[in-house]
There are 2 protein chains.
Amino acid sequence: MDTPAVALMRTSDLIRRAVAVVIDAQGITLQQYNVLRILRGAGADGLPTLEIAERMIEQTPGITRLLDRLEAKKLVRRERCPTDRRQVTCRISGDGLKLLAGLDGPVAEAERVALSGLTPHQLEQLIALLDRTRNSLHAALARRVEITQEAS
Amino acid sequence: MDTPAVALMRTSDLIRRAVAVVIDAQGITLQQYNVLRILRGAGADGLPTLEIAERMIEQTPGITRLLDRLEAKKLVRRERCPTDRRQVTCRISGDGLKLLAGLDGPVAEAERVALSGLTPHQLEQLIALLDRTRNSLHAALARRVEITQEAS
DNA sequence: GCGAAATGCTTGACTCGTCAACTATCGACA
DNA sequence: TGTCGATAGTTGACGAGTCAAGCATTTCGC
């Protein structure tokens, strides 16, 4: 009944919700969790602010306030980069790592349950179809960017 | 590299964005567009406020303000239901219908382009996998509701 | 037919996404 | 060295999602 696009968004929202329940229980939001995971992956060197934004899907301005809230909760630390004072280096704190460690299992389990209606083979199929979709979407966006740049 | 859940959310966000560009150009947001489509589908009888919320994915409180903005733009009208004065009946206006009519084509085209990386057969597969996922997710949620109700 | 519970909706407070505009810093080049 | 353009990030403003609380109105049990 739904178009593929609508089906995709509906399904995504349901899963988002299922996962968010688990994360909210620890006092942070899904997006804050995403930032923390990115920072954990970056290790002790940390990451400049906009690098984090790029790895999320987000447009840049939102990331500042997201980090503000995480810093207020003492889950990340920020400091001006000494070699390039425009940049702000962000690092996950010990508290942040502890919080993440407690969430790894429950989040994986929530995802597993959310997708438990599919067989392993179907999961592979799904991933493949989604990857293909994203690739062609990225290509389409890139084309559009070229065109607008030419026009300017 | 991504888990299926992450791939799903990333893909959904990209498509959401591609579609939103087209809709924003007409001065309304994706969610406002969704409400208008639901109301157009409901016809002249309109729908009570919470019925609209149910057909979106949304939690109830948001719908009031969404309708506030649509009413301010004169795209919907609202009036208290005379037989049950708790309800507020919402109807799409002539302006709303006109705006939707101008968006039908471009939105369908944007969705088509967004998914143009998949063959028709793959699209069917994708829809089937997504439907299956939602069904099992709904079942899981229903189970959880039962449990919490028993516990209370 | 009256009080209590249920229903339908609204409001307040907070998080997040996004656009436009702004500040600070860096780099290149004259 | 001083200026100009790019880069990194921040701020303001608004739409939206979500929780908890609140206000009518209606319905149900007695």
# chains A, B, ... in the order shown; residues from 1 in each chain; ligands from 1
$ select_by_dssp --residues "chain A" --states "strand (DSSP E or B)" --output "list in words"
Leu47, Pro48, Val76, Arg77, Arg78, Glu79, Arg80, Val88, Thr89, Cys90, Arg91 and Ile92 of chain A
$ interface_residues --of "chain D" --to "chain A" --cutoff "9 Å" --atoms "only C-alpha atoms (C1' of nucleotides)" --output "CSV table (one decimal) with N, CA and C atoms (P, O5', C5', C4', C3', O3' and C1' of nucleotides), in the first residue's frame"
chain,number,residue,atom,x,y,z
D,7,DT,P,37.8,26.0,2.0
D,7,DT,O5',38.0,26.0,3.6
D,7,DT,C5',39.3,26.1,4.1
D,7,DT,C4',39.2,26.1,5.6
D,7,DT,C3',38.2,25.1,6.2
D,7,DT,O3',38.8,24.4,7.2
D,7,DT,C1',37.9,27.3,7.1
D,8,DA,P,38.1,23.3,8.0
D,8,DA,O5',37.7,24.1,9.4
D,8,DA,C5',38.6,24.3,10.4
D,8,DA,C4',38.0,24.7,11.7
D,8,DA,C3',36.8,23.7,12.1
D,8,DA,O3',37.0,23.4,13.4
D,8,DA,C1',36.1,26.0,11.9
D,9,DG,P,35.9,22.4,14.1
D,9,DG,O5',34.9,23.4,14.7
D,9,DG,C5',35.4,24.4,15.6
D,9,DG,C4',34.4,25.5,15.8
D,9,DG,C3',33.1,25.0,16.4
D,9,DG,O3',33.1,25.3,17.8
D,9,DG,C1',32.8,26.8,14.9
D,10,DT,P,31.9,25.2,18.8
D,10,DT,O5',31.1,26.5,18.6
D,10,DT,C5',31.7,27.8,18.9
D,10,DT,C4',30.7,28.9,18.7
D,10,DT,C3',29.4,28.7,19.5
D,10,DT,O3',29.2,29.8,20.4
D,10,DT,C1',29.0,29.4,17.2
$ interface_residues --of "chain B" --to "chain A" --cutoff "10 Å" --atoms "only C-alpha atoms" --output "PyMOL selection string"
chain B and resi 1-16+18-19+56-58+108+110-118+122-141
$ interface_residues --of "chain C" --to "chain B" --cutoff "8 Å" --atoms "only C-alpha atoms (C1' of nucleotides)" --output "ChimeraX atom specification"
/C:8-10
$ write_last_selection --atoms "C-alpha atoms (C1' of nucleotides)" --output "short mmCIF file (atom, residue, chain, number, x, y, z; two decimals), in the first residue's frame"
data_model
loop_
_atom_site.label_atom_id
_atom_site.label_comp_id
_atom_site.auth_asym_id
_atom_site.auth_seq_id
_atom_site.Cartn_x
_atom_site.Cartn_y
_atom_site.Cartn_z
"C1'" DG C 8 -9.59 13.90 23.50
"C1'" DC C 9 -6.80 17.40 23.28
"C1'" DT C 10 -3.57 21.14 24.85
#
$ calpha_fit_and_write --fixed "chain A" --moving "chain B" --output "short mmCIF file (atom, residue, chain, number, x, y, z; two decimals) with N, CA and C atoms, in the first residue's frame"
data_model
loop_
_atom_site.label_atom_id
_atom_site.label_comp_id
_atom_site.auth_asym_id
_atom_site.auth_seq_id
_atom_site.Cartn_x
_atom_site.Cartn_y
_atom_site.Cartn_z
N MET B 1 0.82 -1.02 -0.15
CA MET B 1 -0.01 0.19 -0.07
C MET B 1 0.88 1.43 -0.05
N ASP B 2 1.93 1.38 0.77
CA ASP B 2 2.89 2.49 0.83
C ASP B 2 3.84 2.46 -0.35
N THR B 3 4.36 3.61 -0.70
CA THR B 3 5.47 3.63 -1.65
C THR B 3 6.71 3.11 -0.94
N PRO B 4 7.71 2.68 -1.68
CA PRO B 4 8.92 2.18 -1.04
C PRO B 4 9.53 3.22 -0.10
N ALA B 5 9.52 4.48 -0.51
CA ALA B 5 10.12 5.52 0.32
C ALA B 5 9.40 5.61 1.66
N VAL B 6 8.08 5.54 1.63
CA VAL B 6 7.31 5.63 2.86
C VAL B 6 7.54 4.41 3.74
N ALA B 7 7.58 3.24 3.12
CA ALA B 7 7.83 2.01 3.87
C ALA B 7 9.17 2.10 4.58
N LEU B 8 10.14 2.64 3.88
CA LEU B 8 11.48 2.78 4.44
C LEU B 8 11.47 3.70 5.65
N MET B 9 10.81 4.83 5.50
CA MET B 9 10.80 5.79 6.61
C MET B 9 10.02 5.25 7.80
N ARG B 10 8.90 4.61 7.53
CA ARG B 10 8.12 4.04 8.63
C ARG B 10 8.95 3.01 9.39
N THR B 11 9.57 2.12 8.67
CA THR B 11 10.34 1.05 9.31
C THR B 11 11.50 1.64 10.10
N SER B 12 12.17 2.58 9.49
CA SER B 12 13.29 3.23 10.16
C SER B 12 12.84 3.88 11.46
N ASP B 13 11.71 4.57 11.42
CA ASP B 13 11.23 5.25 12.62
C ASP B 13 10.91 4.25 13.72
N LEU B 14 10.31 3.13 13.35
CA LEU B 14 9.98 2.13 14.36
C LEU B 14 11.24 1.60 15.04
N ILE B 15 12.24 1.31 14.24
CA ILE B 15 13.48 0.77 14.81
C ILE B 15 14.16 1.83 15.66
N ARG B 16 14.19 3.04 15.15
CA ARG B 16 14.78 4.15 15.91
C ARG B 16 14.16 4.20 17.30
N ARG B 17 12.84 4.10 17.31
CA ARG B 17 12.12 4.15 18.57
C ARG B 17 12.49 3.02 19.51
N ALA B 18 12.55 1.81 18.94
CA ALA B 18 12.86 0.64 19.76
C ALA B 18 14.24 0.78 20.38
N VAL B 19 15.19 1.28 19.62
CA VAL B 19 16.55 1.44 20.13
C VAL B 19 16.61 2.60 21.13
N ALA B 20 15.87 3.67 20.82
CA ALA B 20 15.92 4.86 21.68
C ALA B 20 15.45 4.55 23.10
N VAL B 21 14.48 3.64 23.21
CA VAL B 21 13.96 3.29 24.53
C VAL B 21 15.10 2.81 25.44
N VAL B 22 15.93 1.93 24.90
CA VAL B 22 17.04 1.37 25.67
C VAL B 22 18.04 2.46 26.07
N ILE B 23 18.33 3.35 25.14
CA ILE B 23 19.35 4.37 25.39
C ILE B 23 18.85 5.44 26.34
N ASP B 24 17.60 5.87 26.14
CA ASP B 24 17.02 6.88 27.02
C ASP B 24 17.05 6.45 28.48
N ALA B 25 16.92 5.14 28.68
CA ALA B 25 16.92 4.63 30.05
C ALA B 25 18.21 4.99 30.79
N GLN B 26 19.27 5.24 30.04
CA GLN B 26 20.55 5.62 30.67
C GLN B 26 20.74 7.13 30.71
N GLY B 27 19.69 7.87 30.38
CA GLY B 27 19.78 9.33 30.54
C GLY B 27 20.41 10.07 29.38
N ILE B 28 20.69 9.39 28.27
CA ILE B 28 21.14 10.12 27.09
C ILE B 28 20.23 9.78 25.92
N THR B 29 20.31 10.59 24.88
CA THR B 29 19.46 10.37 23.71
C THR B 29 20.21 9.56 22.66
N LEU B 30 19.47 9.13 21.66
CA LEU B 30 20.06 8.35 20.58
C LEU B 30 21.19 9.12 19.90
N GLN B 31 20.99 10.39 19.67
CA GLN B 31 22.02 11.18 18.99
C GLN B 31 23.25 11.36 19.86
N GLN B 32 23.03 11.58 21.14
CA GLN B 32 24.15 11.71 22.06
C GLN B 32 24.94 10.40 22.08
N TYR B 33 24.21 9.30 22.08
CA TYR B 33 24.85 7.99 22.02
C TYR B 33 25.69 7.85 20.75
N ASN B 34 25.15 8.31 19.63
CA ASN B 34 25.91 8.22 18.38
C ASN B 34 27.20 9.01 18.46
N VAL B 35 27.12 10.20 19.02
CA VAL B 35 28.33 11.02 19.14
C VAL B 35 29.36 10.29 20.02
N LEU B 36 28.90 9.75 21.13
CA LEU B 36 29.83 9.06 22.02
C LEU B 36 30.49 7.87 21.31
N ARG B 37 29.72 7.14 20.53
CA ARG B 37 30.31 6.01 19.82
C ARG B 37 31.36 6.46 18.82
N ILE B 38 31.07 7.54 18.15
CA ILE B 38 32.05 8.07 17.19
C ILE B 38 33.33 8.48 17.92
N LEU B 39 33.17 9.11 19.06
CA LEU B 39 34.35 9.57 19.80
C LEU B 39 35.12 8.38 20.39
N ARG B 40 34.40 7.37 20.82
CA ARG B 40 35.11 6.20 21.31
C ARG B 40 35.94 5.59 20.19
N GLY B 41 35.35 5.54 19.00
CA GLY B 41 36.06 4.99 17.86
C GLY B 41 37.30 5.80 17.51
N ALA B 42 37.25 7.09 17.81
CA ALA B 42 38.37 7.96 17.45
C ALA B 42 39.53 7.83 18.42
N GLY B 43 39.28 7.30 19.61
CA GLY B 43 40.37 7.08 20.56
C GLY B 43 40.84 8.35 21.24
N ALA B 44 42.05 8.27 21.76
CA ALA B 44 42.56 9.33 22.64
C ALA B 44 42.83 10.63 21.90
N ASP B 45 43.03 10.57 20.59
CA ASP B 45 43.32 11.78 19.84
C ASP B 45 42.09 12.68 19.72
N GLY B 46 40.93 12.10 19.88
CA GLY B 46 39.71 12.87 19.73
C GLY B 46 39.47 13.26 18.28
N LEU B 47 38.46 14.10 18.08
CA LEU B 47 38.10 14.54 16.74
C LEU B 47 37.71 16.00 16.79
N PRO B 48 37.99 16.76 15.73
CA PRO B 48 37.47 18.12 15.64
C PRO B 48 35.95 18.07 15.47
N THR B 49 35.30 19.10 15.93
CA THR B 49 33.84 19.16 15.95
C THR B 49 33.18 18.74 14.63
N LEU B 50 33.62 19.32 13.55
CA LEU B 50 32.91 19.08 12.29
C LEU B 50 33.15 17.69 11.74
N GLU B 51 34.24 17.07 12.15
CA GLU B 51 34.46 15.67 11.77
C GLU B 51 33.36 14.79 12.32
N ILE B 52 32.96 15.10 13.55
CA ILE B 52 31.88 14.33 14.17
C ILE B 52 30.60 14.50 13.37
N ALA B 53 30.30 15.75 13.03
CA ALA B 53 29.08 16.04 12.29
C ALA B 53 29.06 15.27 10.97
N GLU B 54 30.22 15.16 10.32
CA GLU B 54 30.26 14.46 9.05
C GLU B 54 29.94 12.98 9.20
N ARG B 55 30.38 12.41 10.30
CA ARG B 55 30.16 10.97 10.47
C ARG B 55 28.72 10.69 10.92
N MET B 56 28.06 11.68 11.46
CA MET B 56 26.63 11.54 11.66
C MET B 56 26.02 11.96 10.32
N ILE B 57 24.71 12.04 10.24
CA ILE B 57 24.16 12.42 8.94
C ILE B 57 23.91 13.92 8.93
N GLU B 58 24.18 14.50 10.05
CA GLU B 58 23.65 15.80 10.38
C GLU B 58 24.29 17.01 9.68
N GLN B 59 23.51 18.06 9.57
CA GLN B 59 24.04 19.34 9.13
C GLN B 59 24.84 19.94 10.29
N THR B 60 25.85 20.72 9.95
CA THR B 60 26.81 21.14 10.97
C THR B 60 26.26 21.87 12.20
N PRO B 61 25.32 22.78 12.08
CA PRO B 61 25.04 23.62 13.26
C PRO B 61 24.58 22.83 14.47
N GLY B 62 23.90 21.74 14.27
CA GLY B 62 23.36 21.01 15.41
C GLY B 62 24.42 20.43 16.31
N ILE B 63 25.55 20.09 15.76
CA ILE B 63 26.54 19.35 16.51
C ILE B 63 27.08 20.15 17.70
N THR B 64 27.17 21.44 17.56
CA THR B 64 27.70 22.26 18.65
C THR B 64 26.87 22.08 19.91
N ARG B 65 25.56 22.21 19.75
CA ARG B 65 24.70 22.12 20.93
C ARG B 65 24.62 20.70 21.49
N LEU B 66 24.73 19.74 20.58
CA LEU B 66 24.77 18.35 21.02
C LEU B 66 25.99 18.15 21.92
N LEU B 67 27.12 18.67 21.50
CA LEU B 67 28.34 18.54 22.30
C LEU B 67 28.25 19.37 23.58
N ASP B 68 27.59 20.51 23.51
CA ASP B 68 27.36 21.31 24.72
C ASP B 68 26.71 20.45 25.79
N ARG B 69 25.65 19.73 25.38
CA ARG B 69 24.92 18.93 26.37
C ARG B 69 25.76 17.77 26.89
N LEU B 70 26.52 17.17 26.00
CA LEU B 70 27.37 16.07 26.43
C LEU B 70 28.48 16.56 27.36
N GLU B 71 28.97 17.75 27.09
CA GLU B 71 30.02 18.29 27.95
C GLU B 71 29.42 18.63 29.33
N ALA B 72 28.20 19.17 29.32
CA ALA B 72 27.54 19.49 30.58
C ALA B 72 27.36 18.23 31.44
N LYS B 73 27.14 17.10 30.78
CA LYS B 73 27.00 15.84 31.51
C LYS B 73 28.35 15.20 31.80
N LYS B 74 29.42 15.87 31.44
CA LYS B 74 30.78 15.38 31.67
C LYS B 74 31.07 14.08 30.93
N LEU B 75 30.42 13.89 29.81
CA LEU B 75 30.67 12.68 29.03
C LEU B 75 31.71 12.93 27.93
N VAL B 76 31.93 14.18 27.60
CA VAL B 76 33.01 14.53 26.67
C VAL B 76 33.76 15.75 27.20
N ARG B 77 34.98 15.91 26.74
CA ARG B 77 35.77 17.12 27.02
C ARG B 77 36.11 17.80 25.70
N ARG B 78 36.23 19.11 25.73
CA ARG B 78 36.58 19.85 24.51
C ARG B 78 37.70 20.83 24.82
N GLU B 79 38.60 20.98 23.85
CA GLU B 79 39.61 22.02 24.00
C GLU B 79 40.05 22.51 22.64
N ARG B 80 40.39 23.77 22.58
CA ARG B 80 40.88 24.35 21.34
C ARG B 80 42.15 23.63 20.91
N CYS B 81 42.23 23.33 19.65
CA CYS B 81 43.43 22.71 19.12
C CYS B 81 44.55 23.75 19.11
N PRO B 82 45.73 23.42 19.67
CA PRO B 82 46.79 24.41 19.79
C PRO B 82 47.42 24.77 18.44
N THR B 83 47.46 23.82 17.51
CA THR B 83 48.13 24.11 16.24
C THR B 83 47.22 24.85 15.26
N ASP B 84 45.90 24.66 15.38
CA ASP B 84 44.96 25.42 14.56
C ASP B 84 43.83 25.87 15.47
N ARG B 85 43.91 27.09 15.89
CA ARG B 85 43.00 27.54 16.95
C ARG B 85 41.56 27.71 16.49
N ARG B 86 41.30 27.45 15.22
CA ARG B 86 39.89 27.45 14.80
C ARG B 86 39.20 26.16 15.23
N GLN B 87 39.97 25.10 15.30
CA GLN B 87 39.38 23.80 15.60
C GLN B 87 39.17 23.59 17.10
N VAL B 88 38.16 22.78 17.41
CA VAL B 88 37.93 22.37 18.78
C VAL B 88 38.02 20.84 18.81
N THR B 89 38.92 20.33 19.59
CA THR B 89 39.09 18.88 19.65
C THR B 89 38.19 18.31 20.74
N CYS B 90 37.43 17.28 20.38
CA CYS B 90 36.49 16.65 21.31
C CYS B 90 36.97 15.24 21.63
N ARG B 91 36.89 14.90 22.90
CA ARG B 91 37.29 13.56 23.34
C ARG B 91 36.23 13.01 24.29
N ILE B 92 36.05 11.72 24.25
CA ILE B 92 35.13 11.09 25.19
C ILE B 92 35.83 10.97 26.55
N SER B 93 35.06 11.12 27.63
CA SER B 93 35.64 11.06 28.98
C SER B 93 35.53 9.64 29.54
N GLY B 94 36.15 9.42 30.67
CA GLY B 94 36.04 8.12 31.34
C GLY B 94 34.59 7.78 31.64
N ASP B 95 33.85 8.76 32.14
CA ASP B 95 32.42 8.54 32.39
C ASP B 95 31.70 8.12 31.11
N GLY B 96 32.06 8.80 30.01
CA GLY B 96 31.44 8.49 28.74
C GLY B 96 31.71 7.05 28.33
N LEU B 97 32.95 6.63 28.49
CA LEU B 97 33.31 5.26 28.13
C LEU B 97 32.55 4.25 28.98
N LYS B 98 32.42 4.59 30.26
CA LYS B 98 31.71 3.67 31.16
C LYS B 98 30.25 3.55 30.73
N LEU B 99 29.64 4.70 30.45
CA LEU B 99 28.24 4.69 30.04
C LEU B 99 28.06 3.87 28.76
N LEU B 100 28.93 4.07 27.80
CA LEU B 100 28.85 3.32 26.55
C LEU B 100 28.98 1.83 26.79
N ALA B 101 29.93 1.47 27.65
CA ALA B 101 30.18 0.05 27.91
C ALA B 101 28.91 -0.62 28.41
N GLY B 102 28.15 0.11 29.25
CA GLY B 102 26.92 -0.46 29.77
C GLY B 102 25.81 -0.53 28.73
N LEU B 103 25.95 0.21 27.64
CA LEU B 103 24.89 0.23 26.63
C LEU B 103 25.15 -0.72 25.47
N ASP B 104 26.40 -1.10 25.27
CA ASP B 104 26.74 -1.91 24.10
C ASP B 104 25.85 -3.15 23.97
N GLY B 105 25.76 -3.90 25.05
CA GLY B 105 24.97 -5.12 24.99
C GLY B 105 23.50 -4.86 24.75
N PRO B 106 22.86 -4.07 25.59
CA PRO B 106 21.43 -3.81 25.41
C PRO B 106 21.07 -3.24 24.05
N VAL B 107 21.90 -2.36 23.51
CA VAL B 107 21.58 -1.78 22.20
C VAL B 107 21.65 -2.86 21.12
N ALA B 108 22.70 -3.66 21.16
CA ALA B 108 22.82 -4.74 20.17
C ALA B 108 21.63 -5.68 20.28
N GLU B 109 21.23 -5.97 21.50
CA GLU B 109 20.09 -6.86 21.71
C GLU B 109 18.80 -6.24 21.17
N ALA B 110 18.61 -4.95 21.41
CA ALA B 110 17.41 -4.28 20.91
C ALA B 110 17.38 -4.33 19.39
N GLU B 111 18.51 -4.11 18.76
CA GLU B 111 18.56 -4.16 17.30
C GLU B 111 18.24 -5.57 16.82
N ARG B 112 18.81 -6.54 17.53
CA ARG B 112 18.59 -7.92 17.14
C ARG B 112 17.09 -8.25 17.19
N VAL B 113 16.47 -7.89 18.31
CA VAL B 113 15.04 -8.17 18.46
C VAL B 113 14.23 -7.44 17.40
N ALA B 114 14.61 -6.19 17.14
CA ALA B 114 13.86 -5.39 16.18
C ALA B 114 13.87 -6.05 14.81
N LEU B 115 14.95 -6.73 14.49
CA LEU B 115 15.08 -7.32 13.16
C LEU B 115 14.89 -8.83 13.17
N SER B 116 14.35 -9.33 14.27
CA SER B 116 14.27 -10.78 14.42
C SER B 116 13.24 -11.41 13.48
N GLY B 117 12.47 -10.59 12.78
CA GLY B 117 11.52 -11.13 11.84
C GLY B 117 12.17 -11.62 10.55
N LEU B 118 13.44 -11.27 10.35
CA LEU B 118 14.12 -11.64 9.11
C LEU B 118 15.14 -12.75 9.35
N THR B 119 15.25 -13.62 8.40
CA THR B 119 16.29 -14.65 8.47
C THR B 119 17.63 -14.01 8.15
N PRO B 120 18.73 -14.67 8.53
CA PRO B 120 20.06 -14.11 8.22
C PRO B 120 20.21 -13.80 6.73
N HIS B 121 19.70 -14.67 5.90
CA HIS B 121 19.80 -14.43 4.46
C HIS B 121 19.04 -13.16 4.07
N GLN B 122 17.86 -13.00 4.65
CA GLN B 122 17.06 -11.81 4.33
C GLN B 122 17.74 -10.55 4.82
N LEU B 123 18.39 -10.65 5.97
CA LEU B 123 19.12 -9.50 6.49
C LEU B 123 20.21 -9.08 5.51
N GLU B 124 20.92 -10.07 4.97
CA GLU B 124 21.96 -9.75 3.98
C GLU B 124 21.36 -9.06 2.78
N GLN B 125 20.26 -9.62 2.31
CA GLN B 125 19.57 -9.01 1.17
C GLN B 125 19.21 -7.56 1.47
N LEU B 126 18.63 -7.36 2.66
CA LEU B 126 18.19 -6.02 3.03
C LEU B 126 19.37 -5.05 3.02
N ILE B 127 20.45 -5.45 3.68
CA ILE B 127 21.63 -4.58 3.71
C ILE B 127 22.12 -4.25 2.31
N ALA B 128 22.14 -5.28 1.46
CA ALA B 128 22.63 -5.06 0.10
C ALA B 128 21.75 -4.05 -0.63
N LEU B 129 20.44 -4.19 -0.48
CA LEU B 129 19.52 -3.28 -1.16
C LEU B 129 19.68 -1.85 -0.63
N LEU B 130 19.86 -1.75 0.68
CA LEU B 130 19.99 -0.42 1.27
C LEU B 130 21.30 0.24 0.82
N ASP B 131 22.37 -0.56 0.80
CA ASP B 131 23.65 -0.01 0.37
C ASP B 131 23.57 0.48 -1.07
N ARG B 132 22.94 -0.33 -1.89
CA ARG B 132 22.80 0.05 -3.29
C ARG B 132 22.02 1.36 -3.42
N THR B 133 20.96 1.47 -2.63
CA THR B 133 20.15 2.68 -2.67
C THR B 133 20.98 3.91 -2.26
N ARG B 134 21.71 3.76 -1.17
CA ARG B 134 22.51 4.90 -0.71
C ARG B 134 23.56 5.30 -1.73
N ASN B 135 24.18 4.29 -2.34
CA ASN B 135 25.21 4.62 -3.33
C ASN B 135 24.64 5.44 -4.47
N SER B 136 23.48 5.02 -4.96
CA SER B 136 22.94 5.75 -6.11
C SER B 136 22.43 7.12 -5.67
N LEU B 137 21.95 7.19 -4.43
CA LEU B 137 21.49 8.48 -3.91
C LEU B 137 22.66 9.45 -3.77
N HIS B 138 23.75 8.95 -3.26
CA HIS B 138 24.93 9.79 -3.12
C HIS B 138 25.39 10.29 -4.48
N ALA B 139 25.36 9.38 -5.45
CA ALA B 139 25.77 9.77 -6.79
C ALA B 139 24.86 10.87 -7.33
N ALA B 140 23.55 10.70 -7.10
CA ALA B 140 22.59 11.70 -7.58
C ALA B 140 22.84 13.04 -6.92
N LEU B 141 23.10 13.01 -5.62
CA LEU B 141 23.36 14.26 -4.90
C LEU B 141 24.62 14.92 -5.44
N ALA B 142 25.67 14.11 -5.68
CA ALA B 142 26.92 14.66 -6.17
C ALA B 142 26.69 15.35 -7.52
N ARG B 143 25.89 14.70 -8.36
CA ARG B 143 25.58 15.33 -9.65
C ARG B 143 24.91 16.67 -9.45
N ARG B 144 23.96 16.71 -8.54
CA ARG B 144 23.25 17.96 -8.31
C ARG B 144 24.19 19.05 -7.81
N VAL B 145 25.12 18.68 -6.94
CA VAL B 145 26.08 19.65 -6.43
C VAL B 145 26.93 20.22 -7.56
N GLU B 146 27.40 19.31 -8.43
CA GLU B 146 28.17 19.78 -9.59
C GLU B 146 27.39 20.81 -10.38
N ILE B 147 26.15 20.47 -10.65
CA ILE B 147 25.32 21.34 -11.48
C ILE B 147 25.17 22.72 -10.85
N THR B 148 24.82 22.73 -9.56
CA THR B 148 24.60 24.03 -8.93
C THR B 148 25.90 24.81 -8.84
N GLN B 149 27.02 24.09 -8.72
CA GLN B 149 28.29 24.81 -8.67
C GLN B 149 28.62 25.42 -10.02
N GLU B 150 28.33 24.66 -11.08
CA GLU B 150 28.54 25.22 -12.41
C GLU B 150 27.69 26.46 -12.62
N ALA B 151 26.47 26.38 -12.14
CA ALA B 151 25.54 27.48 -12.37
C ALA B 151 25.95 28.75 -11.64
N SER B 152 26.69 28.61 -10.57
CA SER B 152 26.98 29.79 -9.74
C SER B 152 28.17 30.59 -10.24
#
$ atom_distance --atom1 "atom C1' of DT25 of chain D" --atom2 "atom C1' of DA13 of chain C"
26.5 Å
$ decode --residues "segment 47-76 of chain A" --atoms "C-alpha atoms" --output "PDB file, in the first residue's frame"
ATOM      1  CA  LEU A  47      38.129  14.579  16.759  1.00  0.00           C
ATOM      2  CA  PRO A  48      37.495  18.163  15.679  1.00  0.00           C
ATOM      3  CA  THR A  49      33.861  19.195  15.990  1.00  0.00           C
ATOM      4  CA  LEU A  50      32.934  19.161  12.333  1.00  0.00           C
ATOM      5  CA  GLU A  51      34.489  15.750  11.783  1.00  0.00           C
ATOM      6  CA  ILE A  52      31.900  14.381  14.168  1.00  0.00           C
ATOM      7  CA  ALA A  53      29.115  16.113  12.283  1.00  0.00           C
ATOM      8  CA  GLU A  54      30.285  14.554   9.045  1.00  0.00           C
ATOM      9  CA  ARG A  55      30.177  11.059  10.461  1.00  0.00           C
ATOM     10  CA  MET A  56      26.657  11.624  11.643  1.00  0.00           C
ATOM     11  CA  ILE A  57      24.211  12.514   8.904  1.00  0.00           C
ATOM     12  CA  GLU A  58      23.704  15.891  10.372  1.00  0.00           C
ATOM     13  CA  GLN A  59      24.099  19.420   9.119  1.00  0.00           C
ATOM     14  CA  THR A  60      26.855  21.197  10.994  1.00  0.00           C
ATOM     15  CA  PRO A  61      25.108  23.664  13.315  1.00  0.00           C
ATOM     16  CA  GLY A  62      23.381  21.046  15.431  1.00  0.00           C
ATOM     17  CA  ILE A  63      26.563  19.391  16.547  1.00  0.00           C
ATOM     18  CA  THR A  64      27.713  22.289  18.713  1.00  0.00           C
ATOM     19  CA  ARG A  65      24.722  22.131  21.010  1.00  0.00           C
ATOM     20  CA  LEU A  66      24.782  18.357  21.063  1.00  0.00           C
ATOM     21  CA  LEU A  67      28.350  18.553  22.341  1.00  0.00           C
ATOM     22  CA  ASP A  68      27.368  21.306  24.768  1.00  0.00           C
ATOM     23  CA  ARG A  69      24.906  18.920  26.398  1.00  0.00           C
ATOM     24  CA  LEU A  70      27.378  16.050  26.464  1.00  0.00           C
ATOM     25  CA  GLU A  71      30.018  18.263  27.997  1.00  0.00           C
ATOM     26  CA  ALA A  72      27.533  19.459  30.631  1.00  0.00           C
ATOM     27  CA  LYS A  73      26.987  15.801  31.536  1.00  0.00           C
ATOM     28  CA  LYS A  74      30.769  15.341  31.707  1.00  0.00           C
ATOM     29  CA  LEU A  75      30.666  12.650  29.033  1.00  0.00           C
ATOM     30  CA  VAL A  76      33.004  14.516  26.683  1.00  0.00           C
TER      31      VAL A  76
END
